[in-house]
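Just below is one structure, and these are the notes that go with it.
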Amino acid sequence: MVNLVAKSPCAALLPLSAGNVTLTEQHPDALTSVAPFAEKEVEVSASLTVTHGVAYPAVNHAVGKDGARAIWFGQGQAMVMGGKVSDDLVQLAAVTDQSDAWAVMRLQGASSADVLARLVPVDLRSSVFAEGDTVRTELQHMMASITCVGTDCFDIMVMRSFAKTAVHDLHAAMKSVAALSI
Amino acid sequence: MRLTCPLCGERDRREFYYKGDAIALNRPAPDAGTDAWDDYLYLRDNPAGVTKDLWQHELGCSAWIVVERNTVTHEVLSTALASDVKKATK
């Protein structure tokens, strides 16, 4: 038998750092998109509370912490990070395993909002975008999910096929911002 | 140009995809006849004034949005989720 080795989306690309900002890859156990059927959101929320200890997130919000987090991921949809969801959830929602489909990166450091300001057409400064806030928006030309998970700390998700481009663009912005403080 | 997504809030135009006249929400019945289908598929007004378009928040939440705007002044007058507009007309 051929022994296949699993590679994460950003393998050999990360970690990187420039100035006071670091970019690292995150490795959630599983990623599951959950789109509740009509009027089933409350029951979906109850199921996620049992398996992940988080409720179904409100629009533009994320709940939970590293290891178990639910991120609002667009109209009628959330991305659940952490362990697997309940098998029974398929009765209440459209459930899709996305574990290998998204690159998950963490941008951290005092100037991280300045880095994102060069790539994202949404104000992500801490005064308006705090822990627990999330946006679906554009990162350079890629559709992305950006969540504030702490002070000067953002989780960025892009489709796996964009991993190399996203890392390149983020690194270029990180170096540009770092150059300002030399 | 900025559009207000009912879910995400005010966003840059680059996040949106333009579809066309919001008539797409008023699909005729299959047996409505050739005149109704001809009108639905091919005939469009070209108003100097208020018009309604369908846009998709393509790089954002993926919602379809009905945008009411003025072609003369370029004002965006209102936005609403297409799903809500469709439900209201049923």
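To be explicit about the labels: the chains of the structure tokens are called A, B, and onward in the order shown, and within each one the residues are counted from 1, while ligands get numbers from 1 in the order they are shown.
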Leaving out Asn46 in chain B and any residue of its chain fewer than 2 positions from it, which residues lie within 12 Å of it when counting only C-alpha atoms, given as a PDB file with C-alpha atoms, in the first residue's frame?
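Result went into result_22.pdb, see below:
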ATOM      1  CA  GLY B  20     -30.093  43.075 -13.848  1.00  0.00           C
ATOM      2  CA  ASP B  21     -33.713  44.130 -13.492  1.00  0.00           C
ATOM      3  CA  LEU B  43     -38.525  43.327 -22.712  1.00  0.00           C
ATOM      4  CA  ARG B  44     -36.995  45.851 -20.328  1.00  0.00           C
ATOM      5  CA  ALA B  48     -34.518  57.795 -16.290  1.00  0.00           C
ATOM      6  CA  GLY B  49     -35.271  57.681 -12.590  1.00  0.00           C
ATOM      7  CA  VAL B  50     -36.001  55.015 -10.002  1.00  0.00           C
ATOM      8  CA  THR B  51     -35.309  51.404 -10.934  1.00  0.00           C
ATOM      9  CA  LYS B  52     -34.906  48.122  -9.074  1.00  0.00           C
ATOM     10  CA  ASP B  53     -31.981  45.790  -9.718  1.00  0.00           C
ATOM     11  CA  ASN B  70     -32.060  56.385  -9.220  1.00  0.00           C
ATOM     12  CA  THR B  71     -30.349  56.228 -12.606  1.00  0.00           C
ATOM     13  CA  VAL B  72     -30.343  60.033 -12.901  1.00  0.00           C
TER      14      VAL B  72
END
Set the cut-off to 6 Å and count only C-alpha atoms: what are the residues of chain B that reach chain A? Output as a VMD selection string. chain B and resid 59 to 61 63
With N, CA, C and O atoms retained, export the selected residues as a short mmCIF file (atom, residue, chain, number, x, y, z; two decimals), in the first residue's frame.
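Okay, selection11.cif is ready:
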data_model
loop_
_atom_site.label_atom_id
_atom_site.label_comp_id
_atom_site.auth_asym_id
_atom_site.auth_seq_id
_atom_site.Cartn_x
_atom_site.Cartn_y
_atom_site.Cartn_z
N LEU B 59 -18.85 38.42 -2.90
CA LEU B 59 -17.66 38.19 -2.08
C LEU B 59 -17.97 38.35 -0.59
O LEU B 59 -17.07 38.36 0.25
N GLY B 60 -19.24 38.48 -0.27
CA GLY B 60 -19.63 38.60 1.13
C GLY B 60 -20.48 37.43 1.55
O GLY B 60 -20.05 36.28 1.47
N CYS B 61 -21.74 37.71 1.91
CA CYS B 61 -22.59 36.67 2.50
C CYS B 61 -23.34 35.86 1.46
O CYS B 61 -24.10 34.96 1.80
N ALA B 63 -25.83 36.64 -0.35
CA ALA B 63 -27.26 36.93 -0.45
C ALA B 63 -27.56 37.69 -1.74
O ALA B 63 -26.75 38.49 -2.22
#
Residue neighbourhood Thr49 in chain A, 12 Å, only C-alpha atoms, exclusion window fewer than 3 positions, as an NGL selection string: :A and (42-46 or 52-57 or 63-64 or 68-70 or 80 or 85-86 or 89)
Give the alpha helix (DSSP H) residues of range 26-88 of chain A, as DSSP finds them on the backbone, and put them as a list in words. Glu41, Val42, Glu43, Val44, Ser45, Ala46, Ser47, Leu48, Thr49, Val50, Thr51 and His52 of chain A
Restrict the selected residues to all heavy atoms and save them as a CSV table (one decimal), in the first residue's frame.
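What follows is the written file part_26.csv:
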chain,number,residue,atom,x,y,z
A,41,GLU,N,-33.4,26.9,13.3
A,41,GLU,CA,-32.2,27.4,13.9
A,41,GLU,C,-32.1,27.2,15.4
A,41,GLU,O,-31.0,26.9,15.9
A,41,GLU,CB,-32.2,28.9,13.6
A,41,GLU,CG,-30.8,29.5,13.4
A,41,GLU,CD,-30.8,30.9,13.0
A,41,GLU,OE1,-31.0,31.2,11.8
A,41,GLU,OE2,-30.7,31.8,13.8
A,42,VAL,N,-33.2,27.2,16.1
A,42,VAL,CA,-33.2,27.0,17.5
A,42,VAL,C,-32.7,25.6,17.9
A,42,VAL,O,-31.9,25.4,18.7
A,42,VAL,CB,-34.6,27.3,18.2
A,42,VAL,CG1,-34.6,27.0,19.6
A,42,VAL,CG2,-34.9,28.8,18.0
A,43,GLU,N,-33.3,24.6,17.1
A,43,GLU,CA,-32.9,23.2,17.3
A,43,GLU,C,-31.5,23.0,17.0
A,43,GLU,O,-30.8,22.2,17.6
A,43,GLU,CB,-33.8,22.3,16.6
A,43,GLU,CG,-35.3,22.3,17.1
A,43,GLU,CD,-36.2,21.6,16.2
A,43,GLU,OE1,-36.1,20.4,16.0
A,43,GLU,OE2,-37.1,22.3,15.6
A,44,VAL,N,-31.0,23.6,15.9
A,44,VAL,CA,-29.6,23.4,15.5
A,44,VAL,C,-28.7,24.0,16.6
A,44,VAL,O,-27.7,23.4,17.0
A,44,VAL,CB,-29.3,24.2,14.1
A,44,VAL,CG1,-27.8,24.3,13.9
A,44,VAL,CG2,-30.0,23.5,13.0
A,45,SER,N,-29.1,25.1,17.1
A,45,SER,CA,-28.3,25.8,18.2
A,45,SER,C,-28.2,24.8,19.4
A,45,SER,O,-27.2,24.7,20.0
A,45,SER,CB,-29.0,27.1,18.6
A,45,SER,OG,-28.1,27.9,19.2
A,46,ALA,N,-29.3,24.2,19.7
A,46,ALA,CA,-29.3,23.2,20.9
A,46,ALA,C,-28.4,22.1,20.6
A,46,ALA,O,-27.6,21.7,21.5
A,46,ALA,CB,-30.7,22.7,21.1
A,47,SER,N,-28.3,21.6,19.4
A,47,SER,CA,-27.4,20.5,19.0
A,47,SER,C,-26.0,20.9,19.1
A,47,SER,O,-25.1,20.2,19.7
A,47,SER,CB,-27.8,20.0,17.6
A,47,SER,OG,-26.8,19.0,17.2
A,48,LEU,N,-25.7,22.1,18.6
A,48,LEU,CA,-24.3,22.6,18.7
A,48,LEU,C,-23.9,22.8,20.1
A,48,LEU,O,-22.7,22.7,20.5
A,48,LEU,CB,-24.2,23.9,17.9
A,48,LEU,CG,-24.3,23.7,16.3
A,48,LEU,CD1,-24.2,25.1,15.7
A,48,LEU,CD2,-23.3,22.8,15.8
A,49,THR,N,-24.8,23.2,21.0
A,49,THR,CA,-24.5,23.5,22.4
A,49,THR,C,-24.0,22.2,23.0
A,49,THR,O,-23.1,22.2,23.8
A,49,THR,CB,-25.7,24.1,23.1
A,49,THR,OG1,-26.1,25.3,22.4
A,49,THR,CG2,-25.4,24.5,24.5
A,50,VAL,N,-24.7,21.1,22.7
A,50,VAL,CA,-24.4,19.8,23.2
A,50,VAL,C,-23.0,19.3,22.7
A,50,VAL,O,-22.1,18.9,23.5
A,50,VAL,CB,-25.4,18.7,22.8
A,50,VAL,CG1,-24.9,17.3,23.3
A,50,VAL,CG2,-26.8,19.1,23.5
A,51,THR,N,-22.7,19.4,21.4
A,51,THR,CA,-21.5,18.9,20.9
A,51,THR,C,-20.3,19.8,21.0
A,51,THR,O,-19.2,19.4,21.2
A,51,THR,CB,-21.6,18.5,19.4
A,51,THR,OG1,-22.1,19.7,18.7
A,51,THR,CG2,-22.6,17.4,19.2
A,52,HIS,N,-20.5,21.1,20.9
A,52,HIS,CA,-19.4,22.1,20.8
A,52,HIS,C,-19.5,23.1,21.9
A,52,HIS,O,-18.5,23.9,22.1
A,52,HIS,CB,-19.4,22.8,19.5
A,52,HIS,CG,-18.9,21.9,18.4
A,52,HIS,ND1,-19.8,20.9,17.9
A,52,HIS,CD2,-17.8,21.8,17.7
A,52,HIS,CE1,-19.1,20.2,16.9
A,52,HIS,NE2,-17.9,20.8,16.7
Which residues are close to Lys7 in chain A, i.e. within 12 Å by only C-alpha atoms, leaving aside same-chain residues fewer than 6 positions away? Reply as a PyMOL selection string. chain A and resi 13+27+100+103+160
Could you tell me how far CA of Lys164 in chain A sits from CA of Ser99 in chain A, in Å to one decimal place?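 According to the coordinates, CA of Ser99 in chain A and CA of Lys164 in chain A are separated by 17.8 Å.
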Using CA of Thr147 in chain A and CA of Gly9 in chain B as the two end points, give the distance in Å to one decimal.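 Distance between the two atoms: 15.9 Å.
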By how many Å are CA of Val158 in chain A and CA of Leu14 in chain A apart?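 Computing it gives 14.6 Å between the two atoms.
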Can you check which residues of chain A DSSP gives as strand (DSSP E) on the backbone and send them as a ChimeraX atom specification? /A:16-18,21-25,30-36,62-65,68-72,78-82,93-97,102-108,134-139,142-150,153-159
Rank A:Ala93, A:Cys153, A:Ala110, A:Val120 by their smallest atom-to-atom distance to Ala166 in chain A, using only C-alpha atoms, and report the top residue only.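 Nearest to Ala166 in chain A: A:Val120.
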With a distance cut-off of 8 Å and only C-alpha atoms, select the neighbouring residues of Gln26 in chain A, excluding the residue or stretch itself and same-chain residues fewer than 5 positions from it, and output the selection as a VMD selection string. chain A and resid 104 to 106
